[in-house]
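For reference, upload.txt is printed below; it contains compact mmCIF, C-alpha atoms.
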# COMPACT_ATOMS: atom_id res chain seq x y z
CA LYS N 1 0.00 0.00 0.00
CA GLN N 2 1.41 3.35 -1.07
CA GLU N 3 2.12 5.79 1.76
CA VAL N 4 3.06 9.40 1.14
CA THR N 5 4.67 11.87 3.50
CA GLN N 6 5.45 15.53 2.97
CA ILE N 7 7.98 17.67 4.78
CA PRO N 8 7.63 20.26 6.14
CA ALA N 9 4.00 20.21 7.22
CA ALA N 10 3.93 23.99 7.27
CA LEU N 11 6.28 26.73 6.12
CA SER N 12 6.24 30.49 6.54
CA VAL N 13 8.75 32.58 4.60
CA PRO N 14 9.28 36.19 3.55
CA GLU N 15 8.56 37.13 -0.03
CA GLY N 16 11.37 36.50 -2.51
CA GLU N 17 12.82 33.34 -0.96
CA ASN N 18 13.47 30.18 -2.93
CA LEU N 19 11.62 27.21 -1.43
CA VAL N 20 11.95 23.44 -1.36
CA LEU N 21 9.01 21.19 -0.59
CA ASN N 22 9.66 17.48 -0.12
CA CYS N 23 7.55 14.43 -0.87
CA SER N 24 8.42 10.81 -0.05
CA PHE N 25 6.54 7.68 -1.09
CA THR N 26 7.02 4.06 -0.13
CA ASP N 27 6.16 2.24 -3.38
CA SER N 28 8.51 3.29 -6.17
CA ALA N 29 6.57 1.45 -8.88
CA ILE N 30 4.74 4.57 -9.94
CA TYR N 31 3.29 5.55 -13.30
CA ASN N 32 3.63 9.27 -12.72
CA LEU N 33 3.55 11.85 -9.95
CA GLN N 34 1.63 15.09 -9.77
CA TRP N 35 1.99 18.18 -7.65
CA PHE N 36 -1.21 20.01 -6.81
CA ARG N 37 -2.04 23.32 -5.21
CA GLN N 38 -5.07 23.78 -2.96
CA ASP N 39 -6.37 27.18 -1.93
CA PRO N 40 -8.63 27.46 1.13
CA GLY N 41 -12.20 26.46 0.35
CA LYS N 42 -11.31 25.43 -3.18
CA GLY N 43 -10.52 22.30 -5.08
CA LEU N 44 -7.12 21.18 -6.26
CA THR N 45 -5.24 22.60 -9.24
CA SER N 46 -2.62 20.50 -10.97
CA LEU N 47 0.74 22.25 -11.15
CA LEU N 48 3.11 19.72 -12.66
CA LEU N 49 2.93 16.12 -13.81
CA ILE N 50 6.13 14.08 -14.02
CA GLN N 51 6.15 10.84 -15.94
CA SER N 52 7.99 7.92 -14.34
CA SER N 53 10.59 8.11 -17.13
CA GLN N 54 11.28 11.79 -16.50
CA ARG N 55 13.59 13.37 -13.96
CA GLU N 56 11.99 16.80 -13.78
CA GLN N 57 9.36 19.18 -15.08
CA THR N 58 9.32 22.96 -15.11
CA SER N 59 6.53 25.50 -15.31
CA GLY N 60 7.43 29.13 -14.78
CA ARG N 61 8.88 29.54 -11.31
CA LEU N 62 8.08 25.94 -10.41
CA ASN N 63 10.36 22.97 -10.91
CA ALA N 64 9.56 19.45 -9.79
CA SER N 65 12.10 16.65 -9.70
CA LEU N 66 11.53 12.93 -9.34
CA ASP N 67 13.86 10.23 -8.05
CA LYS N 68 11.71 7.17 -8.44
CA SER N 69 14.24 4.67 -7.13
CA SER N 70 14.56 6.48 -3.82
CA GLY N 71 10.86 7.32 -3.60
CA ARG N 72 11.29 11.09 -3.53
CA SER N 73 10.04 14.14 -5.32
CA THR N 74 10.89 17.76 -4.69
CA LEU N 75 9.03 20.91 -5.66
CA TYR N 76 11.16 24.03 -6.01
CA ILE N 77 9.49 27.43 -5.96
CA ALA N 78 11.73 30.27 -7.07
CA ALA N 79 11.32 33.86 -5.91
CA SER N 80 8.24 33.15 -3.82
CA GLN N 81 5.30 35.60 -3.85
CA PRO N 82 2.37 36.12 -1.47
CA GLY N 83 0.13 34.64 -4.18
CA ASP N 84 1.98 31.35 -3.76
CA SER N 85 0.41 30.94 -0.32
CA ALA N 86 -1.58 27.69 -0.42
CA THR N 87 -1.30 24.02 0.48
CA TYR N 88 0.84 21.95 -1.86
CA LEU N 89 0.10 18.24 -2.23
CA CYS N 90 2.01 15.55 -4.05
CA ALA N 91 0.29 12.48 -5.45
CA PRO N 92 2.12 9.48 -6.90
CA ASP N 93 0.07 7.36 -9.25
CA ASN N 94 0.57 3.59 -9.08
CA TYR N 95 -1.02 2.60 -12.35
CA GLY N 96 -4.18 0.73 -11.65
CA GLN N 97 -4.27 1.95 -8.07
CA ASN N 98 -4.84 5.64 -8.69
CA PHE N 99 -3.45 8.62 -6.87
CA VAL N 100 -2.48 8.52 -3.23
CA PHE N 101 -2.20 12.03 -1.86
CA GLY N 102 0.22 13.23 0.75
CA PRO N 103 -1.05 15.35 3.67
CA GLY N 104 0.33 18.51 2.07
CA THR N 105 2.67 21.36 2.97
CA ARG N 106 0.90 24.54 4.05
CA LEU N 107 2.87 27.49 2.67
CA SER N 108 2.55 31.08 3.77
CA VAL N 109 4.57 33.74 1.94
CA LEU N 110 4.67 37.01 3.84
CA PRO N 111 4.85 40.34 1.98
CA GLU P 112 -14.02 25.37 -21.06
CA ALA P 113 -16.30 24.92 -18.06
CA GLY P 114 -14.78 23.21 -15.05
CA VAL P 115 -16.07 20.48 -12.80
CA ALA P 116 -19.27 21.59 -11.09
CA GLN P 117 -20.40 20.41 -7.67
CA SER P 118 -23.41 21.13 -5.53
CA PRO P 119 -24.22 21.96 -2.87
CA ARG P 120 -21.11 23.80 -1.72
CA TYR P 121 -21.97 23.39 1.95
CA LYS P 122 -24.22 21.03 3.87
CA ILE P 123 -24.93 20.67 7.56
CA ILE P 124 -26.86 17.65 8.80
CA GLU P 125 -27.37 15.70 11.99
CA LYS P 126 -25.96 12.23 12.45
CA ARG P 127 -28.08 9.41 11.09
CA GLN P 128 -29.56 11.71 8.42
CA SER P 129 -29.03 11.18 4.71
CA VAL P 130 -27.24 13.48 2.28
CA ALA P 131 -26.48 13.51 -1.44
CA PHE P 132 -23.87 15.36 -3.46
CA TRP P 133 -23.91 16.04 -7.17
CA CYS P 134 -21.07 16.37 -9.66
CA ASN P 135 -21.00 17.39 -13.30
CA PRO P 136 -17.60 16.64 -14.89
CA ILE P 137 -15.90 18.45 -17.73
CA SER P 138 -17.61 17.66 -21.01
CA GLY P 139 -16.05 14.66 -22.72
CA HIS P 140 -14.21 13.39 -19.67
CA ALA P 141 -14.77 9.66 -19.42
CA THR P 142 -13.36 9.20 -15.93
CA LEU P 143 -14.90 10.60 -12.78
CA TYR P 144 -13.55 10.40 -9.22
CA TRP P 145 -15.01 11.08 -5.79
CA TYR P 146 -12.57 11.92 -2.99
CA GLN P 147 -13.04 12.50 0.73
CA GLN P 148 -10.74 15.08 2.32
CA ILE P 149 -10.72 15.26 6.08
CA LEU P 150 -9.36 18.46 7.59
CA GLY P 151 -5.55 18.44 7.63
CA GLN P 152 -5.24 15.41 5.35
CA GLY P 153 -4.86 14.82 1.65
CA PRO P 154 -7.82 13.63 -0.39
CA LYS P 155 -8.64 9.92 -0.23
CA LEU P 156 -10.17 8.23 -3.26
CA LEU P 157 -13.64 6.83 -2.58
CA ILE P 158 -14.70 5.68 -6.03
CA GLN P 159 -13.62 5.91 -9.66
CA PHE P 160 -15.95 5.60 -12.65
CA GLN P 161 -14.96 4.95 -16.23
CA ASN P 162 -17.99 6.13 -18.21
CA ASN P 163 -20.81 4.63 -16.14
CA GLY P 164 -18.89 1.61 -14.84
CA VAL P 165 -17.09 1.38 -11.50
CA VAL P 166 -13.32 0.91 -11.81
CA ASP P 167 -12.30 1.18 -8.16
CA ASP P 168 -14.47 1.41 -5.07
CA SER P 169 -12.14 -0.40 -2.68
CA GLN P 170 -12.12 2.47 -0.15
CA LEU P 171 -15.82 3.26 -0.29
CA PRO P 172 -17.64 2.38 2.96
CA LYS P 173 -20.34 0.49 1.18
CA ASP P 174 -22.51 0.00 4.25
CA ARG P 175 -23.37 3.70 4.20
CA PHE P 176 -21.94 5.25 1.03
CA SER P 177 -23.24 4.75 -2.49
CA ALA P 178 -22.49 6.41 -5.80
CA GLU P 179 -23.81 6.23 -9.30
CA ARG P 180 -23.02 7.74 -12.65
CA LEU P 181 -26.00 7.35 -14.89
CA LYS P 182 -25.43 7.76 -18.63
CA GLY P 183 -21.71 8.24 -18.00
CA VAL P 184 -21.96 11.96 -17.29
CA ASP P 185 -23.25 13.37 -13.98
CA SER P 186 -22.68 11.53 -10.75
CA THR P 187 -24.21 11.50 -7.28
CA LEU P 188 -22.63 10.40 -4.03
CA LYS P 189 -24.94 9.49 -1.15
CA ILE P 190 -24.35 8.89 2.53
CA GLN P 191 -27.04 7.10 4.50
CA PRO P 192 -26.94 7.27 7.48
CA ALA P 193 -24.27 9.86 8.18
CA LYS P 194 -21.83 9.60 11.07
CA LEU P 195 -19.84 12.31 12.82
CA GLU P 196 -16.64 11.06 11.19
CA ASP P 197 -18.09 11.73 7.74
CA SER P 198 -17.52 15.45 8.28
CA ALA P 199 -15.16 16.34 5.44
CA VAL P 200 -14.90 17.99 2.05
CA TYR P 201 -16.09 15.76 -0.78
CA LEU P 202 -14.24 16.47 -3.98
CA CYS P 203 -15.20 15.40 -7.46
CA ALA P 204 -12.61 15.22 -10.24
CA SER P 205 -12.61 14.17 -13.87
CA SER P 206 -10.06 13.24 -16.48
CA LEU P 207 -10.10 12.34 -20.14
CA ASP P 208 -8.54 8.92 -19.89
CA PRO P 209 -6.79 7.34 -16.90
CA ALA P 210 -4.67 5.19 -19.18
CA SER P 211 -3.02 8.27 -20.60
CA THR P 212 -0.74 10.69 -18.85
CA ASP P 213 -3.64 12.94 -18.10
CA THR P 214 -4.20 15.20 -15.18
CA GLN P 215 -7.30 15.27 -13.05
CA TYR P 216 -9.43 18.40 -12.86
CA PHE P 217 -11.09 19.06 -9.53
CA GLY P 218 -14.33 20.74 -8.59
CA PRO P 219 -14.58 23.17 -5.64
CA GLY P 220 -15.89 20.48 -3.32
CA THR P 221 -18.83 20.10 -0.94
CA ARG P 222 -18.09 20.77 2.72
CA LEU P 223 -20.16 18.42 4.88
CA THR P 224 -20.61 18.98 8.59
CA VAL P 225 -22.30 16.23 10.59
CA LEU P 226 -23.55 17.31 14.02

Could you render the structure as structure tokens?
Amino acid sequence: KQEVTQIPAALSVPEGENLVLNCSFTDSAIYNLQWFRQDPGKGLTSLLLIQSSQREQTSGRLNASLDKSSGRSTLYIAASQPGDSATYLCAPDNYGQNFVFGPGTRLSVLP
Amino acid sequence: EAGVAQSPRYKIIEKRQSVAFWCNPISGHATLYWYQQILGQGPKLLIQFQNNGVVDDSQLPKDRFSAERLKGVDSTLKIQPAKLEDSAVYLCASSLDPASTDTQYFGPGTRLTVL
């Protein structure tokens, strides 16, 4: 059974800092892994999807890396802004077993 | 393109009552998911439909939860009778094809409070 952990659970930083959010999963036989953003009272928005054959994906100030063999993924946020404040969840997809979400990292970027 | 629609947005009921949630996925999306998200946790998959057939309902508490997706479009999730521990946000998501490298698109969720 896939288990996902995310560190840190919460993070508060001043605007402009570069951030690293960590995700670990126990079953490395994944099909892909997604990073999602969740704003309070809203659903989830997909940020990046990394295929199992890929090492990283980039979108704007976001970069996600994947080390499948060690069961880790990292989300880098460059030059953080107050608008980045949200909860970030990672979700590995074991094909045929669907996504298993981590508990999330709650990010607060202070102006 | 319209997103995933859910209603109601909020619902407060007493334990042992019944409640139903509705979801309308993005047009053309064959796969529909219902998730339960308890405060402070990530979403947990309850059931997955491919068109109007159930693909995965292994984590659905079938003694009290039921779901259907008639005609392969809209879906309803029902809880009968509700328990205090059912208080959560119920999220609906859809995707084009789970066999492809396709992302899931989420609705805003229904926040259920059971008193």

Next item on the list: Name all residues at most 7 Å from Trp145 (chain P) (count only C-alpha atoms; drop same-chain ones fewer than 4 positions away) and give them as a list in words.
Entry: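 Neighbouring residues, sequence-local ones excluded: Leu156, Leu157, Ile158, Gln159, Tyr201, Leu202, Cys203 and Ala204 of chain P.
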
Note to self: Rounded to one decimal, what separation in Å do you get between CA of Tyr144 (chain P) and CA of Ala64 (chain N)?
What the structure shows: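 These atoms are spaced 24.8 Å apart.
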
Margin query: For a quick test of understanding: name the residues of chain N lying within 6 Å of chain P when counting only C-alpha atoms, and present them as a VMD selection string.
Written below: chain N and resid 42 to 44 101 to 103

Take the selection from the previous step and output its residues with C-alpha atoms, as a short mmCIF file (atom, residue, chain, number, x, y, z; two decimals), keeping the file's coordinate frame.
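This is the output file out_14.cif:
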data_model
loop_
_atom_site.label_atom_id
_atom_site.label_comp_id
_atom_site.auth_asym_id
_atom_site.auth_seq_id
_atom_site.Cartn_x
_atom_site.Cartn_y
_atom_site.Cartn_z
CA LYS N 42 -11.31 25.43 -3.18
CA GLY N 43 -10.52 22.30 -5.08
CA LEU N 44 -7.12 21.18 -6.26
CA PHE N 101 -2.20 12.03 -1.86
CA GLY N 102 0.22 13.23 0.75
CA PRO N 103 -1.05 15.35 3.67
#

Notebook entry, point to check: So, counting only C-alpha atoms, which residue among N:Ile50, N:Lys68, N:Glu15, N:Gly41 is closest to Gly83 (chain N)?
Noted result: N:Glu15

Check: Any idea what the distance is between CA of Tyr88 (chain N) and CA of Leu207 (chain P)?
Finding: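 Result for CA of Tyr88 (chain N) versus CA of Leu207 (chain P): 23.4 Å, one decimal.
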
Notebook entry, point to check: So, counting all atoms listed in the file, which residue among P:Thr187, P:Gly114, P:Val130, P:Ile123 is closest to Phe160 (chain P)?
Noted result: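 Ranking P:Thr187, P:Gly114, P:Val130, P:Ile123 by distance to Phe160 (chain P), first place goes to P:Thr187.
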
Next item on the list: Would you mind reading off the distance between CA of Lys182 (chain P) and CA of Tyr121 (chain P), one decimal, in Å?
Entry: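 If I compute the distance from CA of Lys182 (chain P) to CA of Tyr121 (chain P), I get 26.1 Å.
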
Check: Counting all atoms listed in the file, what is within 9 Å of Glu3 (chain N), bar same-chain residues fewer than 3 positions away, as a list in words?
Finding: Ser24, Phe25, Thr26, Asp27, Val100, Phe101 and Gly102 of chain N

Now that the selection is made, can you save its residues with C-alpha atoms as an mmCIF file, keeping the file's coordinate frame?
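Just written: part11.cif:
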data_model
loop_
_atom_site.group_PDB
_atom_site.id
_atom_site.type_symbol
_atom_site.label_atom_id
_atom_site.label_comp_id
_atom_site.auth_asym_id
_atom_site.auth_seq_id
_atom_site.Cartn_x
_atom_site.Cartn_y
_atom_site.Cartn_z
ATOM 1 C CA SER N 24 8.420 10.810 -0.050
ATOM 2 C CA PHE N 25 6.540 7.680 -1.090
ATOM 3 C CA THR N 26 7.020 4.060 -0.130
ATOM 4 C CA ASP N 27 6.160 2.240 -3.380
ATOM 5 C CA VAL N 100 -2.480 8.520 -3.230
ATOM 6 C CA PHE N 101 -2.200 12.030 -1.860
ATOM 7 C CA GLY N 102 0.220 13.230 0.750
#

Checklist line | Residue with smallest distance to Pro172 (chain P) - pool P:Ala131, P:Ala199, P:Ile190, P:Leu143, counting all atoms listed in the file | finding: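 Going through P:Ala131, P:Ala199, P:Ile190, P:Leu143 one by one, the smallest distance to Pro172 (chain P) is for P:Ile190.
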
Next item on the list: Choose the residue, out of P:Ser118, P:Asn135, P:Ser177, P:Gln170, that has the smallest atom-to-atom separation from Leu223 (chain P); count all atoms listed in the file.
Entry: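 Closest residue, counting all atoms listed in the file: P:Ser118.
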
Notebook entry, point to check: Once you count only C-alpha atoms, which residues end up no further than 10 Å from (7.9, 30.6, -9.7) in the file's frame, shown as a VMD selection string?
Noted result: chain N and resid 16 18 to 19 58 to 63 76 to 81 84

Next item on the list: Measuring atom to atom with only C-alpha atoms, identify which of P:Tyr146, P:Val225, P:Asp168, P:Ser205 is nearest to Val184 (chain P).
Entry: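 The shortest atom-to-atom distance to Val184 (chain P) comes from P:Ser205.
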
Check: Need the neighbours of (-12.8, 9.5, -20.1): which residues are at most 7 Å away, counting only C-alpha atoms, as a list in words?
Finding: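 Within the cut-off we find Gly139, His140, Ala141, Thr142, Gln161, Asn162, Ser206, Leu207 and Asp208 of chain P.
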
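Using only C-alpha atoms, the shortest contact distance between Asn32 (chain N) and any of N:Thr74, N:Asn94, N:Thr45, N:Gln57 is found at N:Asn94.
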